[in-house]
>>> print(open('input_19.cif').read())   # mmCIF, C-alpha atoms
data_query
#
loop_
_atom_site.label_atom_id
_atom_site.label_comp_id
_atom_site.auth_asym_id
_atom_site.auth_seq_id
_atom_site.Cartn_x
_atom_site.Cartn_y
_atom_site.Cartn_z
CA MET A 1 -37.55 -32.23 -15.09
CA ALA A 2 -40.10 -30.01 -13.37
CA ASN A 3 -40.53 -30.16 -9.60
CA GLU A 4 -37.26 -31.99 -9.06
CA ASP A 5 -36.76 -30.30 -5.69
CA ALA A 6 -40.30 -31.02 -4.60
CA ILE A 7 -40.93 -33.91 -2.24
CA ALA A 8 -43.60 -36.32 -3.42
CA ILE A 9 -45.62 -38.08 -0.73
CA LEU A 10 -47.82 -40.86 -2.07
CA GLY A 11 -50.48 -41.62 0.48
CA GLY A 12 -50.10 -38.04 1.63
CA THR A 13 -53.78 -38.12 2.52
CA GLY A 14 -53.14 -40.55 5.40
CA ASP A 15 -52.19 -39.57 8.94
CA GLN A 16 -48.44 -39.99 8.74
CA GLY A 17 -48.09 -38.82 5.12
CA LEU A 18 -50.15 -35.72 5.73
CA GLY A 19 -48.07 -35.07 8.85
CA LEU A 20 -44.87 -35.14 6.81
CA ALA A 21 -46.48 -32.97 4.11
CA LEU A 22 -47.43 -30.36 6.72
CA ARG A 23 -43.94 -30.34 8.21
CA PHE A 24 -42.06 -30.19 4.90
CA ALA A 25 -44.38 -27.45 3.64
CA LYS A 26 -43.87 -25.53 6.86
CA ALA A 27 -40.10 -25.78 6.28
CA GLY A 28 -40.65 -24.07 2.92
CA ARG A 29 -40.26 -27.13 0.68
CA LYS A 30 -42.55 -27.75 -2.26
CA VAL A 31 -44.68 -30.82 -1.58
CA VAL A 32 -46.54 -32.96 -4.10
CA ILE A 33 -49.24 -35.06 -2.46
CA GLY A 34 -50.21 -38.21 -4.29
CA SER A 35 -53.28 -40.36 -3.84
CA ARG A 36 -55.08 -43.06 -5.78
CA LYS A 37 -57.74 -40.47 -6.45
CA ALA A 38 -56.75 -36.99 -7.59
CA ASP A 39 -59.61 -35.31 -5.74
CA ARG A 40 -58.45 -36.74 -2.41
CA ALA A 41 -54.93 -35.47 -3.12
CA LEU A 42 -56.33 -32.04 -3.92
CA ALA A 43 -58.32 -31.99 -0.69
CA ALA A 44 -55.21 -32.93 1.31
CA ALA A 45 -53.21 -30.19 -0.40
CA GLU A 46 -55.98 -27.78 0.55
CA GLU A 47 -55.74 -28.99 4.16
CA VAL A 48 -51.99 -28.31 4.17
CA ARG A 49 -52.52 -24.80 2.78
CA ALA A 50 -55.11 -24.11 5.47
CA ALA A 51 -52.71 -25.15 8.25
CA VAL A 52 -49.56 -23.66 6.73
CA PRO A 53 -50.30 -20.31 5.11
CA GLY A 54 -48.30 -19.86 1.91
CA ALA A 55 -47.52 -23.58 1.64
CA ASP A 56 -46.29 -24.63 -1.81
CA VAL A 57 -48.27 -27.82 -2.17
CA VAL A 58 -50.13 -29.54 -4.98
CA GLY A 59 -52.16 -32.74 -5.20
CA TYR A 60 -52.21 -35.32 -8.00
CA GLU A 61 -53.04 -38.92 -8.72
CA ASN A 62 -50.02 -41.07 -7.67
CA SER A 63 -48.49 -41.59 -11.15
CA GLU A 64 -48.63 -37.92 -11.91
CA ALA A 65 -47.25 -36.99 -8.47
CA THR A 66 -44.27 -39.30 -9.08
CA GLN A 67 -43.14 -37.47 -12.21
CA GLY A 68 -40.49 -34.93 -11.32
CA PRO A 69 -39.52 -35.11 -7.65
CA GLU A 70 -36.17 -36.71 -6.94
CA ILE A 71 -37.60 -38.15 -3.71
CA VAL A 72 -40.88 -40.07 -3.69
CA ILE A 73 -42.07 -41.13 -0.24
CA ILE A 74 -44.46 -44.08 -0.14
CA SER A 75 -46.71 -43.42 2.82
CA VAL A 76 -49.51 -45.90 2.34
CA PRO A 77 -50.35 -48.75 4.74
CA PHE A 78 -48.17 -51.83 4.28
CA GLU A 79 -50.91 -53.80 2.57
CA HIS A 80 -51.18 -51.16 -0.18
CA THR A 81 -47.45 -50.63 -0.61
CA ALA A 82 -46.80 -53.24 -3.32
CA SER A 83 -49.78 -52.16 -5.40
CA THR A 84 -48.85 -48.50 -5.04
CA VAL A 85 -45.28 -49.16 -6.20
CA LYS A 86 -46.52 -51.30 -9.09
CA GLY A 87 -48.83 -48.43 -10.04
CA ILE A 88 -45.94 -45.96 -10.46
CA LYS A 89 -43.37 -48.39 -11.88
CA ASP A 90 -43.84 -47.22 -15.44
CA VAL A 91 -43.18 -43.57 -14.65
CA LEU A 92 -40.28 -43.99 -12.20
CA GLN A 93 -36.99 -42.83 -13.74
CA PRO A 94 -33.43 -43.98 -12.98
CA GLY A 95 -31.95 -41.82 -10.24
CA GLN A 96 -35.22 -41.27 -8.43
CA ILE A 97 -35.32 -42.25 -4.76
CA VAL A 98 -38.29 -44.18 -3.42
CA VAL A 99 -38.63 -43.98 0.36
CA SER A 100 -40.28 -46.94 2.07
CA MET A 101 -41.86 -46.02 5.39
CA ALA A 102 -44.51 -48.70 5.82
CA VAL A 103 -44.28 -51.39 8.48
CA PRO A 104 -45.63 -54.92 7.97
CA LEU A 105 -47.85 -54.76 11.05
CA ALA A 106 -50.01 -57.82 11.55
CA VAL A 107 -53.11 -55.61 11.39
CA ALA A 108 -52.77 -56.12 7.64
CA ILE A 109 -54.15 -59.63 8.14
CA GLY A 110 -56.50 -58.82 11.01
CA ASP A 111 -54.04 -59.46 13.88
CA GLY A 112 -52.53 -56.84 16.19
CA ALA A 113 -50.42 -53.73 15.45
CA MET A 114 -47.89 -54.72 18.11
CA ARG A 115 -46.76 -57.66 15.98
CA THR A 116 -45.23 -57.85 12.51
CA LEU A 117 -45.53 -60.22 9.59
CA GLY A 118 -42.46 -61.96 8.19
CA ILE A 119 -41.65 -60.58 4.76
CA TRP A 120 -40.02 -62.92 2.25
CA GLN A 121 -37.52 -60.27 1.11
CA GLY A 122 -36.63 -59.40 4.73
CA SER A 123 -38.55 -56.14 5.12
CA CYS A 124 -41.12 -53.93 3.46
CA ALA A 125 -38.29 -51.74 2.11
CA GLU A 126 -36.55 -54.72 0.51
CA MET A 127 -39.87 -55.81 -0.98
CA VAL A 128 -40.17 -52.35 -2.53
CA GLN A 129 -36.61 -52.73 -3.84
CA THR A 130 -37.68 -55.81 -5.81
CA LEU A 131 -40.58 -53.88 -7.39
CA VAL A 132 -38.87 -50.73 -8.70
CA PRO A 133 -37.12 -50.52 -12.10
CA ASN A 134 -33.32 -50.74 -12.35
CA GLY A 135 -31.58 -47.50 -11.43
CA VAL A 136 -34.28 -46.41 -8.98
CA HIS A 137 -32.92 -46.29 -5.42
CA VAL A 138 -34.87 -47.44 -2.38
CA VAL A 139 -34.28 -45.95 1.06
CA SER A 140 -35.98 -46.89 4.32
CA ALA A 141 -36.92 -44.08 6.73
CA PHE A 142 -39.59 -42.41 8.93
CA GLN A 143 -41.24 -45.62 10.20
CA ASN A 144 -40.97 -44.67 13.86
CA VAL A 145 -42.17 -41.09 13.61
CA SER A 146 -45.54 -40.65 15.32
CA ALA A 147 -48.24 -39.33 13.00
CA HIS A 148 -49.81 -37.55 15.94
CA ARG A 149 -46.60 -35.75 16.91
CA LEU A 150 -45.99 -34.75 13.28
CA ARG A 151 -49.33 -33.03 13.22
CA GLU A 152 -48.72 -31.00 16.38
CA LEU A 153 -47.06 -28.32 14.27
CA GLU A 154 -46.21 -26.12 17.23
CA HIS A 155 -44.11 -28.85 18.90
CA PRO A 156 -40.87 -30.56 17.89
CA VAL A 157 -41.04 -34.28 17.13
CA GLU A 158 -38.60 -35.93 19.54
CA CYS A 159 -37.39 -38.81 17.40
CA ASP A 160 -34.34 -40.17 15.62
CA VAL A 161 -34.93 -41.38 12.07
CA VAL A 162 -32.85 -44.41 11.12
CA VAL A 163 -32.20 -44.08 7.39
CA SER A 164 -31.02 -47.16 5.49
CA GLY A 165 -30.11 -47.73 1.85
CA PRO A 166 -27.35 -47.07 -0.68
CA LYS A 167 -25.01 -44.27 0.40
CA ALA A 168 -25.86 -41.26 -1.82
CA PRO A 169 -29.66 -41.72 -1.76
CA ARG A 170 -29.47 -42.44 1.97
CA GLU A 171 -27.71 -39.14 2.50
CA ALA A 172 -30.30 -37.33 0.38
CA VAL A 173 -33.07 -38.67 2.62
CA MET A 174 -31.09 -37.99 5.81
CA ALA A 175 -30.94 -34.36 4.67
CA LEU A 176 -34.75 -34.17 4.83
CA CYS A 177 -34.90 -34.96 8.54
CA PRO A 178 -33.74 -31.59 9.93
CA LEU A 179 -36.61 -29.95 8.04
CA VAL A 180 -38.80 -31.22 10.87
CA PRO A 181 -37.85 -29.70 14.24
CA GLY A 182 -36.75 -32.48 16.61
CA LEU A 183 -36.12 -35.13 13.97
CA ARG A 184 -32.51 -36.26 13.73
CA ALA A 185 -31.21 -38.51 10.97
CA VAL A 186 -29.14 -41.52 12.00
CA ASP A 187 -27.10 -43.43 9.44
CA GLY A 188 -28.80 -46.81 9.35
CA GLY A 189 -26.41 -48.45 6.89
CA PRO A 190 -27.59 -50.90 4.23
CA LEU A 191 -31.24 -51.43 3.33
CA SER A 192 -31.22 -54.83 5.05
CA ASN A 193 -31.35 -52.98 8.41
CA ALA A 194 -34.87 -51.83 7.52
CA LYS A 195 -36.06 -55.12 8.95
CA ILE A 196 -34.99 -54.05 12.44
CA VAL A 197 -36.24 -50.49 12.11
CA GLU A 198 -39.65 -51.62 10.88
CA GLU A 199 -40.00 -53.97 13.85
CA ILE A 200 -39.18 -51.18 16.30
CA THR A 201 -42.50 -49.61 15.25
CA ALA A 202 -44.37 -52.66 16.53
CA LEU A 203 -42.48 -52.39 19.82
CA LEU A 204 -43.39 -48.69 20.10
CA ILE A 205 -47.05 -49.41 19.38
CA GLY A 206 -47.08 -52.02 22.16
CA MET A 207 -45.57 -49.45 24.50
CA ASN A 208 -48.13 -46.83 23.49
CA ILE A 209 -50.80 -49.32 24.53
CA ARG A 210 -49.15 -50.40 27.81
CA TYR A 211 -48.32 -46.84 28.88
CA LYS A 212 -51.60 -45.42 27.52
CA VAL A 213 -49.89 -42.74 25.43
CA PRO A 214 -51.81 -42.81 22.14
CA GLU A 215 -49.88 -39.75 20.92
CA GLY A 216 -46.99 -42.11 20.31
CA PHE A 217 -43.46 -42.56 21.52
CA GLY A 218 -40.25 -41.77 19.71
CA ILE A 219 -36.79 -43.22 19.86
CA ARG A 220 -33.40 -41.62 20.51
CA PHE A 221 -29.94 -43.09 20.32
CA THR A 222 -27.49 -41.98 23.01
CA GLY A 223 -23.75 -41.65 22.54
CA LEU A 224 -23.87 -40.41 18.93
CA PRO A 225 -21.14 -37.89 18.10
CA GLU A 226 -22.54 -34.34 17.93
CA MET B 227 -33.10 -70.25 50.84
CA ALA B 228 -29.78 -68.47 51.33
CA ASN B 229 -28.79 -65.56 49.14
CA GLU B 230 -32.32 -65.03 47.85
CA ASP B 231 -31.77 -61.29 47.55
CA ALA B 232 -28.45 -61.73 45.79
CA ILE B 233 -28.31 -61.31 42.03
CA ALA B 234 -26.65 -64.20 40.23
CA ILE B 235 -24.80 -63.36 37.02
CA LEU B 236 -23.72 -66.42 35.07
CA GLY B 237 -21.00 -65.43 32.66
CA GLY B 238 -20.17 -62.65 35.09
CA THR B 239 -16.57 -62.98 33.97
CA GLY B 240 -17.40 -61.56 30.51
CA ASP B 241 -17.46 -57.89 29.60
CA GLN B 242 -21.15 -57.18 29.97
CA GLY B 243 -21.73 -59.55 32.90
CA LEU B 244 -18.81 -58.16 34.84
CA GLY B 245 -20.08 -54.66 34.06
CA LEU B 246 -23.47 -55.49 35.60
CA ALA B 247 -21.76 -57.15 38.57
CA LEU B 248 -19.71 -54.01 39.21
CA ARG B 249 -22.76 -51.78 38.99
CA PHE B 250 -25.03 -53.92 41.17
CA ALA B 251 -22.25 -54.32 43.77
CA LYS B 252 -21.68 -50.58 43.72
CA ALA B 253 -25.39 -50.11 44.44
CA GLY B 254 -24.95 -52.24 47.53
CA ARG B 255 -26.53 -55.45 46.25
CA LYS B 256 -25.03 -58.84 46.92
CA VAL B 257 -23.77 -60.34 43.67
CA VAL B 258 -23.03 -63.99 42.92
CA ILE B 259 -20.80 -64.39 39.88
CA GLY B 260 -21.07 -67.70 38.07
CA SER B 261 -18.71 -69.21 35.56
CA ARG B 262 -18.09 -72.62 34.06
CA LYS B 263 -14.94 -72.70 36.15
CA ALA B 264 -15.07 -71.71 39.81
CA ASP B 265 -11.58 -70.18 39.75
CA ARG B 266 -12.55 -67.76 37.00
CA ALA B 267 -15.65 -66.75 38.99
CA LEU B 268 -13.48 -66.19 42.05
CA ALA B 269 -11.06 -64.03 40.04
CA ALA B 270 -13.95 -61.93 38.70
CA ALA B 271 -15.33 -61.50 42.22
CA GLU B 272 -11.88 -60.34 43.28
CA GLU B 273 -11.88 -57.83 40.40
CA VAL B 274 -15.23 -56.44 41.56
CA ARG B 275 -13.97 -56.07 45.12
CA ALA B 276 -10.88 -54.24 43.86
CA ALA B 277 -13.00 -51.76 41.90
CA VAL B 278 -15.80 -51.41 44.45
CA PRO B 279 -14.42 -51.37 47.99
CA GLY B 280 -16.66 -53.26 50.37
CA ALA B 281 -18.51 -55.04 47.56
CA ASP B 282 -20.53 -58.05 48.69
CA VAL B 283 -19.63 -60.43 45.91
CA VAL B 284 -18.81 -64.12 45.67
CA GLY B 285 -17.83 -66.41 42.80
CA TYR B 286 -18.98 -69.98 42.14
CA GLU B 287 -19.32 -72.51 39.37
CA ASN B 288 -22.59 -71.83 37.51
CA SER B 289 -24.76 -74.53 39.17
CA GLU B 290 -23.70 -73.46 42.59
CA ALA B 291 -24.19 -69.76 41.76
CA THR B 292 -27.75 -70.53 40.65
CA GLN B 293 -28.82 -71.94 44.01
CA GLY B 294 -30.45 -69.25 46.08
CA PRO B 295 -30.83 -65.99 44.14
CA GLU B 296 -34.34 -65.21 42.94
CA ILE B 297 -32.89 -63.60 39.82
CA VAL B 298 -30.33 -65.44 37.69
CA ILE B 299 -28.95 -63.41 34.79
CA ILE B 300 -27.49 -65.39 31.89
CA SER B 301 -24.72 -63.24 30.52
CA VAL B 302 -22.83 -65.62 28.27
CA PRO B 303 -22.45 -65.21 24.50
CA PHE B 304 -25.44 -66.46 22.51
CA GLU B 305 -23.68 -69.60 21.34
CA HIS B 306 -23.13 -70.71 24.95
CA THR B 307 -26.59 -69.74 26.21
CA ALA B 308 -28.39 -73.05 25.58
CA SER B 309 -25.59 -75.13 27.11
CA THR B 310 -25.39 -72.82 30.12
CA VAL B 311 -29.14 -73.09 30.76
CA LYS B 312 -29.03 -76.86 30.30
CA GLY B 313 -26.20 -76.94 32.83
CA ILE B 314 -28.29 -75.31 35.57
CA LYS B 315 -31.64 -76.92 34.70
CA ASP B 316 -31.43 -79.46 37.48
CA VAL B 317 -30.91 -76.87 40.21
CA LEU B 318 -33.38 -74.22 39.04
CA GLN B 319 -36.41 -74.01 41.32
CA PRO B 320 -39.97 -72.93 40.54
CA GLY B 321 -40.32 -69.19 41.12
CA GLN B 322 -36.77 -68.37 40.11
CA ILE B 323 -36.38 -65.80 37.32
CA VAL B 324 -33.90 -66.45 34.53
CA VAL B 325 -32.90 -63.29 32.64
CA SER B 326 -31.90 -63.73 29.01
CA MET B 327 -29.62 -60.97 27.77
CA ALA B 328 -27.79 -62.65 24.88
CA VAL B 329 -28.35 -61.65 21.27
CA PRO B 330 -28.15 -64.13 18.40
CA LEU B 331 -25.50 -62.12 16.55
CA ALA B 332 -24.24 -63.78 13.39
CA VAL B 333 -20.69 -63.73 14.82
CA ALA B 334 -21.78 -66.99 16.45
CA ILE B 335 -21.37 -68.64 13.03
CA GLY B 336 -18.47 -66.53 11.81
CA ASP B 337 -20.52 -63.77 10.15
CA GLY B 338 -20.84 -60.15 11.35
CA ALA B 339 -22.07 -58.70 14.64
CA MET B 340 -24.31 -56.25 12.83
CA ARG B 341 -26.56 -59.09 11.69
CA THR B 342 -28.62 -61.64 13.62
CA LEU B 343 -29.48 -65.27 13.14
CA GLY B 344 -33.09 -66.39 12.92
CA ILE B 345 -34.02 -68.37 16.00
CA TRP B 346 -36.61 -71.10 15.65
CA GLN B 347 -38.41 -70.10 18.86
CA GLY B 348 -38.43 -66.42 17.81
CA SER B 349 -35.63 -65.08 20.00
CA CYS B 350 -32.86 -66.14 22.32
CA ALA B 351 -35.12 -65.42 25.29
CA GLU B 352 -37.87 -67.69 23.94
CA MET B 353 -35.28 -70.39 23.29
CA VAL B 354 -34.28 -70.11 26.96
CA GLN B 355 -37.96 -70.39 27.90
CA THR B 356 -38.14 -73.80 26.20
CA LEU B 357 -35.10 -75.00 28.20
CA VAL B 358 -36.05 -74.12 31.79
CA PRO B 359 -38.19 -76.33 34.05
CA ASN B 360 -41.88 -75.59 34.59
CA GLY B 361 -42.47 -72.79 37.06
CA VAL B 362 -39.21 -71.00 36.26
CA HIS B 363 -39.88 -67.59 34.70
CA VAL B 364 -37.88 -66.16 31.81
CA VAL B 365 -37.45 -62.42 31.32
CA SER B 366 -35.59 -60.62 28.53
CA ALA B 367 -33.50 -57.54 29.45
CA PHE B 368 -30.18 -55.68 29.27
CA GLN B 369 -29.29 -56.62 25.67
CA ASN B 370 -28.71 -53.03 24.54
CA VAL B 371 -26.61 -51.88 27.46
CA SER B 372 -23.02 -51.20 26.39
CA ALA B 373 -20.45 -53.27 28.29
CA HIS B 374 -17.99 -50.42 27.96
CA ARG B 375 -20.38 -47.86 29.45
CA LEU B 376 -21.25 -50.23 32.30
CA ARG B 377 -17.61 -50.41 33.27
CA GLU B 378 -17.13 -46.61 33.37
CA LEU B 379 -18.28 -46.64 36.99
CA GLU B 380 -17.99 -42.89 37.39
CA HIS B 381 -20.49 -42.21 34.55
CA PRO B 382 -24.20 -42.95 34.19
CA VAL B 383 -25.21 -45.40 31.45
CA GLU B 384 -27.58 -43.49 29.19
CA CYS B 385 -29.88 -46.29 28.12
CA ASP B 386 -33.43 -47.56 28.42
CA VAL B 387 -33.78 -51.26 29.19
CA VAL B 388 -36.75 -52.91 27.51
CA VAL B 389 -37.87 -55.67 29.86
CA SER B 390 -40.17 -58.38 28.49
CA GLY B 391 -41.76 -61.42 30.08
CA PRO B 392 -44.60 -62.43 32.41
CA LYS B 393 -45.84 -59.55 34.56
CA ALA B 394 -44.55 -60.21 38.09
CA PRO B 395 -41.09 -61.46 37.07
CA ARG B 396 -40.87 -58.63 34.54
CA GLU B 397 -41.51 -56.11 37.29
CA ALA B 398 -38.90 -57.75 39.51
CA VAL B 399 -36.30 -57.31 36.75
CA MET B 400 -37.47 -53.77 35.95
CA ALA B 401 -36.76 -52.95 39.61
CA LEU B 402 -33.07 -53.79 39.07
CA CYS B 403 -32.56 -51.13 36.42
CA PRO B 404 -32.49 -48.04 38.66
CA LEU B 405 -29.61 -49.65 40.59
CA VAL B 406 -27.45 -48.51 37.67
CA PRO B 407 -27.40 -44.71 37.30
CA GLY B 408 -28.83 -43.75 33.90
CA LEU B 409 -30.59 -47.04 33.20
CA ARG B 410 -34.36 -46.76 32.96
CA ALA B 411 -36.67 -49.75 32.76
CA VAL B 412 -39.30 -49.76 30.03
CA ASP B 413 -42.19 -52.21 30.13
CA GLY B 414 -41.55 -54.37 27.08
CA GLY B 415 -44.65 -56.52 27.41
CA PRO B 416 -44.67 -60.24 26.60
CA LEU B 417 -41.51 -62.27 26.05
CA SER B 418 -42.21 -62.45 22.31
CA ASN B 419 -41.03 -58.82 22.05
CA ALA B 420 -37.51 -60.00 22.93
CA LYS B 421 -37.09 -60.70 19.22
CA ILE B 422 -37.23 -56.99 18.43
CA VAL B 423 -35.11 -55.92 21.39
CA GLU B 424 -32.41 -58.45 20.55
CA GLU B 425 -32.25 -57.20 16.96
CA ILE B 426 -31.85 -53.59 18.11
CA THR B 427 -28.44 -54.66 19.46
CA ALA B 428 -27.32 -55.59 15.94
CA LEU B 429 -28.51 -52.18 14.71
CA LEU B 430 -26.57 -50.43 17.50
CA ILE B 431 -23.41 -52.41 16.71
CA GLY B 432 -23.67 -51.37 13.05
CA MET B 433 -24.02 -47.74 14.18
CA ASN B 434 -21.01 -48.06 16.49
CA ILE B 435 -19.01 -49.14 13.44
CA ARG B 436 -20.36 -46.47 11.07
CA TYR B 437 -19.99 -43.64 13.60
CA LYS B 438 -16.71 -45.03 14.99
CA VAL B 439 -17.90 -45.00 18.61
CA PRO B 440 -16.62 -48.32 19.97
CA GLU B 441 -17.78 -47.34 23.48
CA GLY B 442 -21.28 -48.15 22.29
CA PHE B 443 -24.56 -46.36 21.84
CA GLY B 444 -27.65 -46.58 23.96
CA ILE B 445 -31.31 -46.17 23.24
CA ARG B 446 -33.95 -43.92 24.77
CA PHE B 447 -37.68 -43.79 24.20
CA THR B 448 -39.25 -40.34 24.07
CA GLY B 449 -42.77 -39.51 25.20
CA LEU B 450 -42.87 -41.96 28.14
CA PRO B 451 -44.87 -40.68 31.11
CA GLU B 452 -42.61 -39.51 33.94
#
>>> encode(input="input_19.cif", output="structure tokens")
Amino acid sequence: MANEDAIAILGGTGDQGLGLALRFAKAGRKVVIGSRKADRALAAAEEVRAAVPGADVVGYENSEATQGPEIVIISVPFEHTASTVKGIKDVLQPGQIVVSMAVPLAVAIGDGAMRTLGIWQGSCAEMVQTLVPNGVHVVSAFQNVSAHRLRELEHPVECDVVVSGPKAPREAVMALCPLVPGLRAVDGGPLSNAKIVEEITALLIGMNIRYKVPEGFGIRFTGLPE
Amino acid sequence: MANEDAIAILGGTGDQGLGLALRFAKAGRKVVIGSRKADRALAAAEEVRAAVPGADVVGYENSEATQGPEIVIISVPFEHTASTVKGIKDVLQPGQIVVSMAVPLAVAIGDGAMRTLGIWQGSCAEMVQTLVPNGVHVVSAFQNVSAHRLRELEHPVECDVVVSGPKAPREAVMALCPLVPGLRAVDGGPLSNAKIVEEITALLIGMNIRYKVPEGFGIRFTGLPE
């Protein structure tokens, strides 16, 4: 399959998705940006090339972007996550890894971003799990990484990324983290832990507001073996 | 009222409570250890004095320990939290601050410590809030501080403490954190955030198991203003 080593980022036109696209491209990885509209994906790819000279990046409509890459990151707001996954369901192939990074912030229903909604399946990631075809793996990651910090390309992003899901796909996603200076992967165990990791985002957003640091906080775990 | 500046720790005979007692005593604060049985509280106080020469520490039955100190930390396992609070209800006075540090780990019902129970009120801390008399403040703190690290008196405890609750009592509890080298207080906003902080403990316990670090991890937030 073409582009297997590329990283697809659906919603790569948004703040956090574009931030990841910039960072992965800067690390020399091929990036496929997906969007509902191909022209928006193309414009985002152009933006990445402008910021990262020589970047290997393309832009496609979501379904097309999904075809090929082993890892497909869903980087759309929570309220568009289910529809985005449903929109690529027919092209997802067994063995592909779908990364859920959305957080069910209550902004989705007009309430605040420092609170979350309860999700029937337990978390956004587990909701995604119920929507993908058999044989497609779902991994939860990147929720707590500040979009703003990702886009400050000259600075490391001081944050641990808790990665949860089945073992082999989880390790494949953990391997992406060191591509971004400052990011460290932490083994987050089974996908059911996504519930906790997603809620940490709401806590961080509340802190950003209380401490007036709109650039965003990160999280580190202490005591991890080197 | 006598002992107002003392810090009461109910369940100060347990691992985490005794750890806090040792640290606060080492910082020169008067500590009142509470237990269901006065003799166990006395034995724990003796243990603190043995480890921290000159420690100002006493031991009483819980109700007695509660009378005086502005801050009363409830450091019993989750499944004994409600009964402990009910047991001191009649002596709690308006203006006192009750600190909830228990986590509704599923061990309480024979399941694992890397999972939590859903609490009707939202969190253990909010459950405590429904049990105290009017005018008594409830603050959530210290859940993620490793008992083992607390008891290594010669080492700092590398951990941020997210403190949630009404503003003035929250600030009073935040002021306790720097008494323990390495602990840093983080403003955790309203008590409803306790839900997230409590669940982080379950995530940390799962990590301790996966990374085989029984001494326990801590958590740090990056990007906080100095």
>>> residues_near_point(input="input_19.cif", point="(-29.4, -50.9, 9.7)", cutoff="8 Å", atoms="all atoms listed in the file", output="ChimeraX atom specification")
/A:162-164,187-197 /B:429,432-433
>>> closest_atom_pairs(input="input_19.cif", of="chain B", to="chain A", cutoff="6 Å", atoms="only C-alpha atoms", output="CSV")
residue,atom,partner,partner_atom,distance
B:Phe443,CA,A:Gly223,CA,4.8
B:Gly444,CA,A:Thr222,CA,4.7
B:Ile445,CA,A:Phe221,CA,4.5
B:Arg446,CA,A:Arg220,CA,4.9
B:Phe447,CA,A:Ile219,CA,4.5
B:Thr448,CA,A:Gly218,CA,4.7
B:Gly449,CA,A:Phe217,CA,4.8
>>> residues_near_point(input="input_19.cif", point="(-28.6, -51.8, 32.3)", cutoff="8 Å", atoms="all atoms listed in the file", output="NGL selection string")
:B and (246 or 368 or 370-371 or 376 or 383 or 385-387 or 403 or 406 or 409-410)
>>> atom_distance(input="input_19.cif", atom1="atom CA of Thr13 of chain A", atom2="atom CA of Ala147 of chain A")
11.9 Å
>>> atom_distance(input="input_19.cif", atom1="atom CA of Lys256 of chain B", atom2="atom CA of Ile299 of chain B")
13.5 Å
>>> resolve_selection(input="input_19.cif", expression="the PyMOL selection byres ((chain A and resi 91) around 9)", output="list of chain:residue names")
A:Ser63, A:Glu64, A:Thr66, A:Gln67, A:Gly87, A:Ile88, A:Lys89, A:Asp90, A:Leu92, A:Gln93
>>> write_last_selection(input="input_19.cif", atoms="C-alpha atoms", output="short mmCIF file (atom, residue, chain, number, x, y, z; two decimals), in the coordinates of the input")
data_model
loop_
_atom_site.label_atom_id
_atom_site.label_comp_id
_atom_site.auth_asym_id
_atom_site.auth_seq_id
_atom_site.Cartn_x
_atom_site.Cartn_y
_atom_site.Cartn_z
CA SER A 63 -48.49 -41.59 -11.15
CA GLU A 64 -48.63 -37.92 -11.91
CA THR A 66 -44.27 -39.30 -9.08
CA GLN A 67 -43.14 -37.47 -12.21
CA GLY A 87 -48.83 -48.43 -10.04
CA ILE A 88 -45.94 -45.96 -10.46
CA LYS A 89 -43.37 -48.39 -11.88
CA ASP A 90 -43.84 -47.22 -15.44
CA LEU A 92 -40.28 -43.99 -12.20
CA GLN A 93 -36.99 -42.83 -13.74
#
>>> resolve_selection(input="input_19.cif", expression="the PyMOL selection byres ((chain A and resi 32) around 7)", output="number ranges by chain")
A: 6-9, 30-31, 33-34, 57-59, 65
>>> residues_around(input="input_19.cif", residues="Ala398 of chain B", least_positions_apart="4", cutoff="9 Å", atoms="all atoms listed in the file", output="PyMOL selection string")
chain B and resi 297+323+393-394+402
>>> resolve_selection(input="input_19.cif", expression="the PyMOL selection byres ((chain A and resi 43) around 12)", output="list of chain:residue names")
A:Gly12, A:Thr13, A:Gly14, A:Leu18, A:Ile33, A:Gly34, A:Ser35, A:Lys37, A:Ala38, A:Asp39, A:Arg40, A:Ala41, A:Leu42, A:Ala44, A:Ala45, A:Glu46, A:Glu47, A:Val48, A:Arg49, A:Ala50, A:Val57, A:Val58, A:Gly59, A:Tyr60, A:Glu61
>>> closest_residue(input="input_19.cif", among="B:Glu230, B:Glu378, B:Glu305, B:Asp337", to="Cys350 of chain B", atoms="only C-alpha atoms")
B:Glu305
>>> closest_residue(input="input_19.cif", among="B:Leu379, B:Val329, B:Val358, B:Met353", to="Val278 of chain B", atoms="all atoms listed in the file")
B:Leu379
>>> closest_residue(input="input_19.cif", among="A:Ile119, A:Ile74, A:Ala27, A:Val139", to="Val173 of chain A", atoms="all atoms listed in the file")
A:Val139
>>> atom_distance(input="input_19.cif", atom1="atom CA of Pro69 of chain A", atom2="atom CA of Asp5 of chain A")
5.9 Å
>>> closest_residue(input="input_19.cif", among="A:Gly28, A:Gly110, A:Leu10, A:His80", to="Asn62 of chain A", atoms="only C-alpha atoms")
A:Leu10
>>> closest_residue(input="input_19.cif", among="B:Ala401, B:Ala332, B:Ala277, B:Ala251", to="Ala367 of chain B", atoms="only C-alpha atoms")
B:Ala401
